[in-house]
$ cat entry14.csv   # CSV, C-alpha atoms
chain,number,residue,atom,x,y,z
A,1,MET,CA,9.7,-77.4,-62.9
A,2,SER,CA,11.0,-80.7,-61.7
A,3,GLY,CA,12.4,-81.0,-58.2
A,4,SER,CA,12.6,-77.4,-57.2
A,5,SER,CA,11.2,-75.5,-54.1
A,6,ILE,CA,10.4,-71.9,-53.5
A,7,ASN,CA,10.2,-70.5,-49.9
A,8,VAL,CA,7.7,-67.8,-49.0
A,9,SER,CA,8.6,-65.9,-45.8
A,10,LEU,CA,6.1,-63.3,-44.7
A,11,ALA,CA,7.3,-60.0,-43.1
A,12,GLU,CA,4.5,-59.2,-40.8
A,13,LYS,CA,4.0,-62.6,-39.2
A,14,THR,CA,6.4,-65.4,-38.5
A,15,VAL,CA,5.0,-67.6,-41.2
A,16,SER,CA,7.0,-69.5,-43.7
A,17,TYR,CA,6.1,-72.2,-46.1
A,18,ASN,CA,7.5,-73.9,-49.2
A,19,ILE,CA,6.0,-74.3,-52.6
A,20,HIS,CA,7.3,-77.6,-54.0
A,21,LEU,CA,7.3,-77.9,-57.8
A,22,LEU,CA,7.6,-81.7,-58.1
A,23,PRO,CA,8.2,-84.0,-61.0
A,24,ASP,CA,5.0,-86.1,-61.0
A,25,PHE,CA,1.9,-87.2,-59.1
A,26,ALA,CA,3.8,-89.9,-57.2
A,27,ALA,CA,6.1,-87.2,-55.7
A,28,VAL,CA,3.2,-85.0,-54.8
A,29,LYS,CA,1.4,-87.8,-53.0
A,30,ALA,CA,4.5,-88.9,-51.2
A,31,GLN,CA,5.1,-85.3,-49.9
A,32,LEU,CA,1.4,-85.0,-49.0
A,33,LEU,CA,1.6,-88.2,-46.9
A,34,THR,CA,4.6,-86.8,-45.1
A,35,GLN,CA,2.9,-83.5,-44.4
A,36,ILE,CA,-0.3,-85.0,-43.1
A,37,ALA,CA,1.5,-87.6,-41.0
A,38,ASP,CA,-0.9,-89.1,-38.4
A,39,ARG,CA,-3.4,-86.2,-38.4
A,40,ARG,CA,-7.0,-86.6,-39.4
A,41,HIS,CA,-7.6,-84.9,-42.8
A,42,LEU,CA,-10.2,-84.0,-45.4
A,43,ILE,CA,-9.3,-83.7,-49.1
A,44,VAL,CA,-11.5,-81.4,-51.0
A,45,THR,CA,-11.6,-81.4,-54.8
A,46,ASP,CA,-14.1,-81.0,-57.7
A,47,GLU,CA,-15.7,-83.4,-60.1
A,48,ASN,CA,-13.4,-82.4,-63.0
A,49,VAL,CA,-10.1,-83.0,-61.2
A,50,TYR,CA,-11.4,-86.2,-59.5
A,51,GLN,CA,-12.5,-87.8,-62.7
A,52,SER,CA,-10.0,-86.6,-65.2
A,53,SER,CA,-6.6,-85.9,-63.7
A,54,GLY,CA,-5.6,-89.4,-62.5
A,55,PHE,CA,-4.2,-88.0,-59.3
A,56,PHE,CA,-6.7,-89.8,-57.0
A,57,ALA,CA,-5.6,-93.3,-58.0
A,58,GLY,CA,-4.7,-95.1,-54.8
A,59,ILE,CA,-6.2,-92.5,-52.5
A,60,ALA,CA,-9.0,-93.7,-50.2
A,61,PRO,CA,-12.3,-92.3,-51.5
A,62,GLU,CA,-13.7,-91.9,-48.0
A,63,SER,CA,-11.1,-89.2,-47.3
A,64,VAL,CA,-12.3,-87.1,-50.3
A,65,LEU,CA,-15.1,-84.6,-50.6
A,66,VAL,CA,-16.0,-84.0,-54.3
A,67,MET,CA,-17.6,-80.7,-55.0
A,68,PRO,CA,-19.3,-79.5,-58.2
A,69,PRO,CA,-17.0,-77.4,-60.4
A,70,GLY,CA,-17.4,-73.8,-61.2
A,71,GLU,CA,-17.2,-70.3,-59.8
A,72,GLN,CA,-21.0,-70.3,-59.2
A,73,TYR,CA,-20.4,-72.8,-56.3
A,74,LYS,CA,-17.9,-70.5,-54.6
A,75,ASN,CA,-20.3,-69.6,-51.9
A,76,PHE,CA,-21.4,-70.0,-48.2
A,77,ASP,CA,-23.3,-73.2,-49.0
A,78,SER,CA,-20.2,-74.9,-50.3
A,79,VAL,CA,-18.1,-73.8,-47.3
A,80,GLN,CA,-20.8,-75.1,-45.0
A,81,ARG,CA,-20.7,-78.4,-46.8
A,82,ILE,CA,-17.0,-78.7,-46.2
A,83,ILE,CA,-17.3,-77.9,-42.5
A,84,LEU,CA,-20.2,-80.3,-42.0
A,85,ARG,CA,-18.2,-83.1,-43.6
A,86,ALA,CA,-15.2,-82.2,-41.4
A,87,MET,CA,-17.5,-82.4,-38.3
A,88,ASP,CA,-18.9,-85.8,-39.5
A,89,ASP,CA,-15.4,-87.1,-40.0
A,90,GLY,CA,-14.4,-86.1,-36.5
A,91,LEU,CA,-11.7,-83.6,-37.5
A,92,ASP,CA,-10.0,-81.7,-34.6
A,93,ARG,CA,-7.7,-78.8,-34.1
A,94,ARG,CA,-4.7,-80.9,-35.2
A,95,SER,CA,-6.4,-81.8,-38.4
A,96,VAL,CA,-5.6,-80.5,-41.9
A,97,PHE,CA,-7.7,-79.7,-44.9
A,98,VAL,CA,-6.2,-80.5,-48.3
A,99,ALA,CA,-7.3,-78.5,-51.4
A,100,VAL,CA,-6.7,-80.4,-54.6
A,101,GLY,CA,-8.0,-78.2,-57.5
A,102,GLY,CA,-8.0,-74.8,-59.0
A,103,GLY,CA,-8.5,-71.4,-57.5
A,104,VAL,CA,-12.2,-72.0,-56.5
A,105,ILE,CA,-11.4,-75.2,-54.5
A,106,GLY,CA,-8.3,-73.6,-53.0
A,107,ASP,CA,-10.1,-70.4,-52.0
A,108,MET,CA,-13.1,-72.2,-50.5
A,109,THR,CA,-11.1,-74.9,-48.7
A,110,GLY,CA,-8.7,-72.3,-47.3
A,111,PHE,CA,-11.6,-70.2,-46.0
A,112,ALA,CA,-13.2,-73.3,-44.4
A,113,ALA,CA,-9.9,-74.2,-42.8
A,114,SER,CA,-9.5,-70.6,-41.4
A,115,ILE,CA,-12.9,-70.6,-39.6
A,116,PHE,CA,-13.3,-74.3,-38.6
A,117,LEU,CA,-12.5,-74.6,-34.9
A,118,ARG,CA,-11.1,-71.0,-35.2
A,119,GLY,CA,-8.5,-72.2,-37.7
A,120,VAL,CA,-6.9,-75.5,-38.7
A,121,GLY,CA,-4.0,-76.2,-41.1
A,122,PHE,CA,-4.5,-76.7,-44.8
A,123,VAL,CA,-2.4,-77.8,-47.7
A,124,GLN,CA,-2.7,-76.5,-51.3
A,125,VAL,CA,-2.3,-78.9,-54.2
A,126,PRO,CA,-3.0,-76.6,-57.2
A,127,THR,CA,-4.0,-78.3,-60.4
A,128,THR,CA,-4.3,-75.5,-62.9
A,129,VAL,CA,-1.9,-72.9,-64.2
A,130,LEU,CA,-4.0,-70.2,-62.7
A,131,SER,CA,-3.9,-71.7,-59.2
A,132,MET,CA,-0.2,-72.7,-59.4
A,133,VAL,CA,1.0,-69.2,-60.2
A,134,ASP,CA,-1.6,-67.1,-58.4
A,135,ALA,CA,-4.3,-68.5,-56.1
A,136,SER,CA,-2.1,-70.8,-54.1
A,137,VAL,CA,0.5,-68.1,-53.3
A,138,GLY,CA,-0.1,-65.5,-50.6
A,139,GLY,CA,-2.8,-67.0,-48.4
A,140,LYS,CA,-6.0,-65.3,-49.7
A,141,THR,CA,-9.1,-67.3,-49.1
A,142,GLY,CA,-12.7,-66.6,-49.6
A,143,ILE,CA,-16.0,-66.8,-51.5
A,144,ASP,CA,-18.1,-64.6,-53.8
A,145,PHE,CA,-20.9,-62.7,-52.0
A,146,GLN,CA,-22.5,-59.7,-53.6
A,147,GLY,CA,-19.3,-59.4,-55.7
A,148,LYS,CA,-16.1,-61.2,-56.4
A,149,ASN,CA,-14.2,-62.4,-53.3
A,150,LEU,CA,-15.9,-59.9,-51.0
A,151,VAL,CA,-15.9,-62.4,-48.1
A,152,GLY,CA,-12.7,-64.1,-47.0
A,153,THR,CA,-9.7,-64.3,-44.8
A,154,PHE,CA,-5.9,-64.4,-45.0
A,155,HIS,CA,-4.9,-68.0,-44.0
A,156,GLN,CA,-1.5,-69.3,-45.1
A,157,PRO,CA,-1.1,-72.9,-46.2
A,158,GLU,CA,1.3,-75.2,-44.5
A,159,VAL,CA,2.8,-76.1,-47.8
A,160,VAL,CA,2.0,-76.0,-51.5
A,161,LEU,CA,2.6,-79.1,-53.6
A,162,THR,CA,2.2,-79.3,-57.4
A,163,CYS,CA,3.6,-80.8,-60.6
A,164,ALA,CA,3.5,-80.3,-64.3
A,165,GLU,CA,1.6,-83.6,-64.7
A,166,PHE,CA,-1.6,-81.8,-63.8
A,167,LEU,CA,-1.2,-79.7,-67.0
A,168,GLN,CA,-1.6,-82.8,-69.2
A,169,SER,CA,-5.4,-83.0,-68.5
A,170,LEU,CA,-6.2,-79.3,-68.6
A,171,PRO,CA,-8.5,-78.0,-71.3
A,172,VAL,CA,-7.0,-75.3,-73.5
A,173,THR,CA,-9.1,-72.6,-71.9
A,174,GLU,CA,-7.8,-73.5,-68.4
A,175,VAL,CA,-4.2,-73.1,-69.7
A,176,GLN,CA,-5.1,-69.8,-71.2
A,177,ASN,CA,-6.7,-68.6,-67.9
A,178,GLY,CA,-3.4,-69.2,-66.1
A,179,ILE,CA,-1.4,-67.5,-68.8
A,180,ALA,CA,-3.4,-64.4,-68.3
A,181,GLU,CA,-2.1,-64.2,-64.7
A,182,MET,CA,1.4,-64.9,-65.8
A,183,VAL,CA,1.2,-62.0,-68.2
A,184,LYS,CA,-0.1,-59.8,-65.4
A,185,HIS,CA,3.0,-60.7,-63.3
A,186,GLY,CA,5.2,-59.6,-66.1
A,187,VAL,CA,3.3,-56.3,-66.7
A,188,VAL,CA,3.6,-55.1,-63.1
A,189,ALA,CA,7.1,-56.5,-62.3
A,190,SER,CA,9.2,-58.0,-65.1
A,191,ARG,CA,9.5,-57.0,-68.7
A,192,GLY,CA,11.8,-60.0,-69.1
A,193,HIS,CA,9.1,-62.4,-68.0
A,194,LEU,CA,6.7,-60.9,-70.6
A,195,GLU,CA,9.3,-61.3,-73.3
A,196,ARG,CA,9.9,-65.0,-72.4
A,197,LEU,CA,6.1,-65.5,-72.5
A,198,ALA,CA,6.0,-63.9,-75.9
A,199,GLU,CA,8.5,-66.5,-77.2
A,200,ILE,CA,6.0,-69.3,-76.5
A,201,ALA,CA,2.8,-67.4,-77.4
A,202,SER,CA,0.3,-69.6,-79.0
A,203,PRO,CA,-3.4,-70.6,-78.4
A,204,THR,CA,-1.8,-74.1,-77.5
A,205,PRO,CA,1.6,-73.3,-76.1
A,206,ASP,CA,4.2,-76.1,-75.6
A,207,LEU,CA,3.4,-77.3,-72.1
A,208,ARG,CA,7.1,-78.1,-71.3
A,209,ALA,CA,8.1,-74.6,-72.2
A,210,LEU,CA,5.2,-73.2,-70.1
A,211,ALA,CA,6.2,-75.4,-67.1
A,212,GLY,CA,9.6,-73.9,-67.3
A,213,LEU,CA,8.2,-70.4,-66.7
A,214,LEU,CA,5.8,-71.4,-63.8
A,215,GLY,CA,8.6,-71.0,-61.2
A,216,GLU,CA,9.6,-67.6,-62.6
A,217,SER,CA,6.0,-66.4,-62.3
A,218,ILE,CA,5.6,-67.7,-58.8
A,219,HIS,CA,8.8,-65.9,-57.8
A,220,ILE,CA,7.4,-62.6,-59.0
A,221,LYS,CA,4.3,-63.0,-56.9
A,222,LYS,CA,6.1,-64.3,-53.8
A,223,ALA,CA,8.5,-61.4,-53.8
A,224,ILE,CA,5.5,-59.0,-53.7
A,225,VAL,CA,3.5,-60.8,-51.0
A,226,GLU,CA,6.4,-61.3,-48.8
A,227,VAL,CA,6.7,-57.6,-48.2
A,228,ASP,CA,2.9,-56.9,-48.1
A,229,THR,CA,1.0,-59.9,-46.9
A,230,ARG,CA,-2.4,-58.2,-46.4
A,231,GLU,CA,-2.5,-56.0,-49.5
A,232,SER,CA,-2.1,-52.7,-47.7
A,233,ASN,CA,0.3,-51.3,-50.4
A,234,GLN,CA,2.5,-53.1,-53.0
A,235,ARG,CA,0.4,-56.3,-53.1
A,236,MET,CA,-2.3,-54.2,-54.8
A,237,LEU,CA,-0.1,-54.3,-57.9
A,238,LEU,CA,-1.2,-57.9,-58.4
A,239,ASN,CA,-4.7,-56.6,-59.1
A,240,PHE,CA,-3.7,-55.2,-62.5
A,241,GLY,CA,-6.6,-56.0,-64.8
A,242,HIS,CA,-8.7,-57.4,-61.9
A,243,THR,CA,-10.8,-54.4,-61.1
A,244,PHE,CA,-12.1,-54.4,-64.6
A,245,GLY,CA,-12.0,-58.2,-64.9
A,246,HIS,CA,-14.0,-58.9,-61.7
A,247,ALA,CA,-16.7,-56.6,-63.0
A,248,VAL,CA,-16.8,-58.6,-66.2
A,249,GLU,CA,-17.1,-61.9,-64.2
A,250,TRP,CA,-19.9,-60.5,-62.1
A,251,LEU,CA,-21.9,-59.1,-65.0
A,252,SER,CA,-21.6,-62.3,-66.9
A,253,GLU,CA,-22.7,-64.3,-63.8
A,254,PHE,CA,-19.3,-66.0,-64.1
A,255,ALA,CA,-20.0,-67.3,-67.6
A,256,VAL,CA,-16.7,-65.5,-68.5
A,257,PRO,CA,-13.8,-67.5,-66.9
A,258,HIS,CA,-11.5,-65.6,-64.6
A,259,GLY,CA,-8.5,-65.6,-66.9
A,260,GLN,CA,-10.5,-64.4,-69.9
A,261,ALA,CA,-12.0,-61.6,-67.8
A,262,VAL,CA,-8.6,-60.6,-66.5
A,263,ALA,CA,-7.3,-60.5,-70.1
A,264,MET,CA,-10.1,-58.1,-71.0
A,265,GLY,CA,-9.4,-56.2,-67.8
A,266,MET,CA,-5.7,-55.7,-68.6
A,267,VAL,CA,-6.5,-54.3,-72.0
A,268,MET,CA,-9.1,-51.9,-70.5
A,269,ALA,CA,-6.6,-50.8,-67.8
A,270,ALA,CA,-3.9,-50.3,-70.4
A,271,GLN,CA,-6.3,-48.2,-72.6
A,272,TYR,CA,-7.3,-46.2,-69.5
A,273,GLY,CA,-3.6,-45.6,-68.9
A,274,VAL,CA,-3.2,-44.4,-72.4
A,275,ARG,CA,-6.1,-41.9,-72.1
A,276,THR,CA,-4.8,-40.6,-68.8
A,277,GLY,CA,-1.2,-40.3,-70.1
A,278,MET,CA,0.2,-43.0,-67.8
A,279,CYS,CA,1.5,-45.2,-70.6
A,280,THR,CA,2.0,-45.3,-74.3
A,281,ALA,CA,-0.4,-46.5,-76.9
A,282,ALA,CA,2.4,-48.7,-78.3
A,283,SER,CA,2.7,-50.6,-75.1
A,284,ALA,CA,-1.0,-51.1,-74.9
A,285,GLU,CA,-1.0,-52.5,-78.4
A,286,TRP,CA,1.9,-54.8,-77.6
A,287,LEU,CA,0.1,-56.2,-74.6
A,288,THR,CA,-3.2,-56.6,-76.5
A,289,GLU,CA,-1.4,-58.5,-79.3
A,290,LEU,CA,0.4,-60.8,-76.8
A,291,LEU,CA,-2.9,-61.8,-75.2
A,292,GLU,CA,-4.5,-62.4,-78.6
A,293,ARG,CA,-1.6,-64.6,-79.6
A,294,PHE,CA,-2.4,-66.8,-76.6
A,295,GLY,CA,-6.0,-67.0,-77.8
A,296,LEU,CA,-7.3,-64.8,-75.0
A,297,PRO,CA,-10.2,-62.3,-75.6
A,298,THR,CA,-9.4,-58.6,-75.4
A,299,VAL,CA,-12.7,-56.9,-76.1
A,300,CYS,CA,-15.2,-56.4,-73.3
A,301,PRO,CA,-18.8,-57.2,-74.1
A,302,TYR,CA,-20.3,-54.8,-71.5
A,303,ALA,CA,-21.0,-51.0,-71.7
A,304,PRO,CA,-18.7,-48.7,-69.8
A,305,ALA,CA,-21.6,-47.5,-67.6
A,306,GLU,CA,-22.3,-51.1,-66.5
A,307,LEU,CA,-18.7,-51.7,-65.7
A,308,ALA,CA,-18.2,-48.4,-63.8
A,309,GLU,CA,-21.3,-49.2,-61.6
A,310,THR,CA,-20.1,-52.7,-60.8
A,311,MET,CA,-16.6,-51.5,-60.0
A,312,MET,CA,-18.0,-49.3,-57.3
A,313,ARG,CA,-18.4,-52.5,-55.2
A,314,ASP,CA,-14.8,-53.5,-55.8
A,315,LYS,CA,-12.9,-54.4,-52.5
A,316,LYS,CA,-10.1,-52.0,-53.5
A,317,LYS,CA,-12.5,-49.0,-53.1
A,318,ASP,CA,-11.2,-46.6,-50.5
A,319,GLY,CA,-13.6,-43.9,-49.5
A,320,ASP,CA,-14.3,-41.7,-52.5
A,321,HIS,CA,-11.6,-43.3,-54.7
A,322,LEU,CA,-10.6,-46.6,-56.2
A,323,ASN,CA,-7.0,-47.9,-56.1
A,324,LEU,CA,-6.6,-48.6,-59.8
A,325,VAL,CA,-3.5,-50.5,-60.9
A,326,LEU,CA,-1.9,-49.2,-64.1
A,327,TYR,CA,1.7,-49.2,-65.5
A,328,ARG,CA,4.2,-46.6,-66.5
A,329,GLN,CA,6.0,-49.0,-68.8
A,330,LEU,CA,5.6,-52.8,-69.2
A,331,GLY,CA,7.3,-54.3,-66.2
A,332,GLU,CA,6.6,-51.3,-63.9
A,333,GLY,CA,3.2,-51.3,-62.3
A,334,VAL,CA,1.9,-48.4,-60.4
A,335,ILE,CA,-1.1,-47.9,-58.0
A,336,VAL,CA,-3.2,-44.9,-58.9
A,337,PRO,CA,-5.9,-43.6,-56.5
A,338,THR,CA,-8.7,-42.6,-58.9
A,339,ALA,CA,-11.7,-40.5,-58.0
A,340,LEU,CA,-15.1,-42.1,-58.2
A,341,PRO,CA,-17.3,-42.4,-60.1
A,342,LEU,CA,-14.9,-43.7,-62.6
A,343,GLU,CA,-15.2,-42.2,-66.1
A,344,LEU,CA,-14.6,-45.0,-68.7
$ encode --input "entry14.csv" --output "structure tokens"
Amino acid sequence: MSGSSINVSLAEKTVSYNIHLLPDFAAVKAQLLTQIADRRHLIVTDENVYQSSGFFAGIAPESVLVMPPGEQYKNFDSVQRIILRAMDDGLDRRSVFVAVGGGVIGDMTGFAASIFLRGVGFVQVPTTVLSMVDASVGGKTGIDFQGKNLVGTFHQPEVVLTCAEFLQSLPVTEVQNGIAEMVKHGVVASRGHLERLAEIASPTPDLRALAGLLGESIHIKKAIVEVDTRESNQRMLLNFGHTFGHAVEWLSEFAVPHGQAVAMGMVMAAQYGVRTGMCTAASAEWLTELLERFGLPTVCPYAPAELAETMMRDKKKDGDHLNLVLYRQLGEGVIVPTALPLEL
């Protein structure tokens, strides 16, 4: 992970930015200072990152807005709080928002940046495995409103800066959440990535080995979003496990973390694929066992009828059908328009 950069160039707009995988906090902060330069800025983080990561040593506290942690705060009230603070601090159109945190902080801060003064710059500093390999790549921003991520925008960051040092303070469950997304990348686009993940599979995987696979996972996502920025076609592949998983999150009132919900969702999608003849039972069993070896849950606690009803509100609904993501074989995802109501 140390010292490498990945460029993301988007086909439908002349937008290009770098994802810098840096060696440590010092390197991230040095790059951040260079990016901000003389512009006014607001750094948004949450209480967990602010108190436990050690990243904020030496950063002026008056430039930081500390939000409560958790998906339940990914809402309009939090976005309003960010915007009011930006106004109080006198930020202008040259200013930049900086998101230092996981996917919730990144999504909310990016959304606030996209609507403040009709759009200002923002920088992503992802601090979790999940946000490093998924939420920080591709420019999706938003909040939860009557469903998961149903309000938001596409607003690309100026740059993404991160390092493996953030992994040292992550709880085991947060590492596992991110691994679920890495597994998803492998299922839809790279059998080799899946096999390399299998080599380190454990409820507490070696963090150095995991860090070595982060760039590979980011490359998989960036290759997909570069050709389909706004999820009109191929980018939908990245929703494998998410249609089911978002329903689990919503039904649990977000008591089930995103990665755990996606793990359950991937298993349910695989099982649905087996029933419909899309994939083999052996592949579904292999995927289920891999997730379990990482300590991720694979059994959904909700009844099929509850899930099907909740999935009717999924943003991938298109008229009378749902664009469900399945796979033909591990490493080859496929988008399957599926008639509603879904029979689970």
$ atom_distance --input "entry14.csv" --atom1 "CA of Val187 (chain A)" --atom2 "CA of Leu238 (chain A)"
9.6 Å
$ closest_residue --input "entry14.csv" --among "A:Ser217, A:Ser63, A:Ser95, A:Ser52" --to "Val133 (chain A)" --atoms "all atoms listed in the file"
A:Ser217
$ residues_around --input "entry14.csv" --residues "Ser283 (chain A)" --least-positions-apart "6" --cutoff "9 Å" --atoms "only C-alpha atoms" --output "MDAnalysis selection string"
chainID A and resid 270 274 329:330
$ closest_residue --input "entry14.csv" --among "A:Ala164, A:Val172, A:Leu322, A:Leu21" --to "Ala211 (chain A)" --atoms "all atoms listed in the file"
A:Ala164
$ residues_around --input "entry14.csv" --residues "Gly103 (chain A)" --least-positions-apart "4" --cutoff "12 Å" --atoms "all atoms listed in the file" --output "ChimeraX atom specification"
/A:45-46,69-71,74,99,107-111,124-137,139-143,149,174,177-178,257-259
$ write_last_selection --input "entry14.csv" --atoms "C-alpha atoms" --output "PDB file, in the coordinates of the input"
ATOM      1  CA  THR A  45     -11.600 -81.400 -54.800  1.00  0.00           C
ATOM      2  CA  ASP A  46     -14.100 -81.000 -57.700  1.00  0.00           C
ATOM      3  CA  PRO A  69     -17.000 -77.400 -60.400  1.00  0.00           C
ATOM      4  CA  GLY A  70     -17.400 -73.800 -61.200  1.00  0.00           C
ATOM      5  CA  GLU A  71     -17.200 -70.300 -59.800  1.00  0.00           C
ATOM      6  CA  LYS A  74     -17.900 -70.500 -54.600  1.00  0.00           C
ATOM      7  CA  ALA A  99      -7.300 -78.500 -51.400  1.00  0.00           C
ATOM      8  CA  ASP A 107     -10.100 -70.400 -52.000  1.00  0.00           C
ATOM      9  CA  MET A 108     -13.100 -72.200 -50.500  1.00  0.00           C
ATOM     10  CA  THR A 109     -11.100 -74.900 -48.700  1.00  0.00           C
ATOM     11  CA  GLY A 110      -8.700 -72.300 -47.300  1.00  0.00           C
ATOM     12  CA  PHE A 111     -11.600 -70.200 -46.000  1.00  0.00           C
ATOM     13  CA  GLN A 124      -2.700 -76.500 -51.300  1.00  0.00           C
ATOM     14  CA  VAL A 125      -2.300 -78.900 -54.200  1.00  0.00           C
ATOM     15  CA  PRO A 126      -3.000 -76.600 -57.200  1.00  0.00           C
ATOM     16  CA  THR A 127      -4.000 -78.300 -60.400  1.00  0.00           C
ATOM     17  CA  THR A 128      -4.300 -75.500 -62.900  1.00  0.00           C
ATOM     18  CA  VAL A 129      -1.900 -72.900 -64.200  1.00  0.00           C
ATOM     19  CA  LEU A 130      -4.000 -70.200 -62.700  1.00  0.00           C
ATOM     20  CA  SER A 131      -3.900 -71.700 -59.200  1.00  0.00           C
ATOM     21  CA  MET A 132      -0.200 -72.700 -59.400  1.00  0.00           C
ATOM     22  CA  VAL A 133       1.000 -69.200 -60.200  1.00  0.00           C
ATOM     23  CA  ASP A 134      -1.600 -67.100 -58.400  1.00  0.00           C
ATOM     24  CA  ALA A 135      -4.300 -68.500 -56.100  1.00  0.00           C
ATOM     25  CA  SER A 136      -2.100 -70.800 -54.100  1.00  0.00           C
ATOM     26  CA  VAL A 137       0.500 -68.100 -53.300  1.00  0.00           C
ATOM     27  CA  GLY A 139      -2.800 -67.000 -48.400  1.00  0.00           C
ATOM     28  CA  LYS A 140      -6.000 -65.300 -49.700  1.00  0.00           C
ATOM     29  CA  THR A 141      -9.100 -67.300 -49.100  1.00  0.00           C
ATOM     30  CA  GLY A 142     -12.700 -66.600 -49.600  1.00  0.00           C
ATOM     31  CA  ILE A 143     -16.000 -66.800 -51.500  1.00  0.00           C
ATOM     32  CA  ASN A 149     -14.200 -62.400 -53.300  1.00  0.00           C
ATOM     33  CA  GLU A 174      -7.800 -73.500 -68.400  1.00  0.00           C
ATOM     34  CA  ASN A 177      -6.700 -68.600 -67.900  1.00  0.00           C
ATOM     35  CA  GLY A 178      -3.400 -69.200 -66.100  1.00  0.00           C
ATOM     36  CA  PRO A 257     -13.800 -67.500 -66.900  1.00  0.00           C
ATOM     37  CA  HIS A 258     -11.500 -65.600 -64.600  1.00  0.00           C
ATOM     38  CA  GLY A 259      -8.500 -65.600 -66.900  1.00  0.00           C
TER      39      GLY A 259
END
$ closest_residue --input "entry14.csv" --among "A:Leu42, A:Gly106, A:Phe122, A:Leu210" --to "Gly90 (chain A)" --atoms "all atoms listed in the file"
A:Leu42
$ closest_residue --input "entry14.csv" --among "A:Ala26, A:Ile200, A:Val123, A:Leu340" --to "Gly54 (chain A)" --atoms "only C-alpha atoms"
A:Ala26
$ closest_residue --input "entry14.csv" --among "A:Val64, A:Ala223, A:Ala284, A:Ile6" --to "Val160 (chain A)" --atoms "all atoms listed in the file"
A:Ile6
$ residues_near_point --input "entry14.csv" --point "(-2.3, -67.5, -47.1)" --cutoff "6 Å" --atoms "all atoms listed in the file" --output "list in words"
Gly138, Gly139, Lys140, Phe154, His155, Gln156 and Pro157 of chain A
$ closest_residue --input "entry14.csv" --among "A:Leu194, A:Val159, A:Leu91, A:Val227" --to "Thr34 (chain A)" --atoms "all atoms listed in the file"
A:Val159
$ atom_distance --input "entry14.csv" --atom1 "CA of Phe56 (chain A)" --atom2 "CA of Ala27 (chain A)"
13.1 Å
$ atom_distance --input "entry14.csv" --atom1 "CA of Lys221 (chain A)" --atom2 "CA of Val256 (chain A)"
24.1 Å
$ residues_around --input "entry14.csv" --residues "Val299 (chain A)" --least-positions-apart "2" --cutoff "7 Å" --atoms "all atoms listed in the file" --output "list of chain:residue names"
A:Met264, A:Pro297, A:Pro301
$ residues_around --input "entry14.csv" --residues "Asp314 (chain A)" --least-positions-apart "4" --cutoff "12 Å" --atoms "only C-alpha atoms" --output "JSON, numbers by chain"
{"A": [144, 145, 146, 147, 148, 149, 150, 151, 239, 242, 243, 244, 245, 246, 247, 248, 250, 307, 308, 309, 310, 318, 319, 321, 322, 323, 324, 340, 342]}
$ residues_around --input "entry14.csv" --residues "Leu117 (chain A)" --least-positions-apart "2" --cutoff "10 Å" --atoms "only C-alpha atoms" --output "tab-separated table (two decimals) with C-alpha atoms, in the coordinates of the input"
chain	number	residue	atom	x	y	z
A	83	ILE	CA	-17.30	-77.90	-42.50
A	87	MET	CA	-17.50	-82.40	-38.30
A	91	LEU	CA	-11.70	-83.60	-37.50
A	92	ASP	CA	-10.00	-81.70	-34.60
A	93	ARG	CA	-7.70	-78.80	-34.10
A	112	ALA	CA	-13.20	-73.30	-44.40
A	113	ALA	CA	-9.90	-74.20	-42.80
A	114	SER	CA	-9.50	-70.60	-41.40
A	115	ILE	CA	-12.90	-70.60	-39.60
A	119	GLY	CA	-8.50	-72.20	-37.70
A	120	VAL	CA	-6.90	-75.50	-38.70
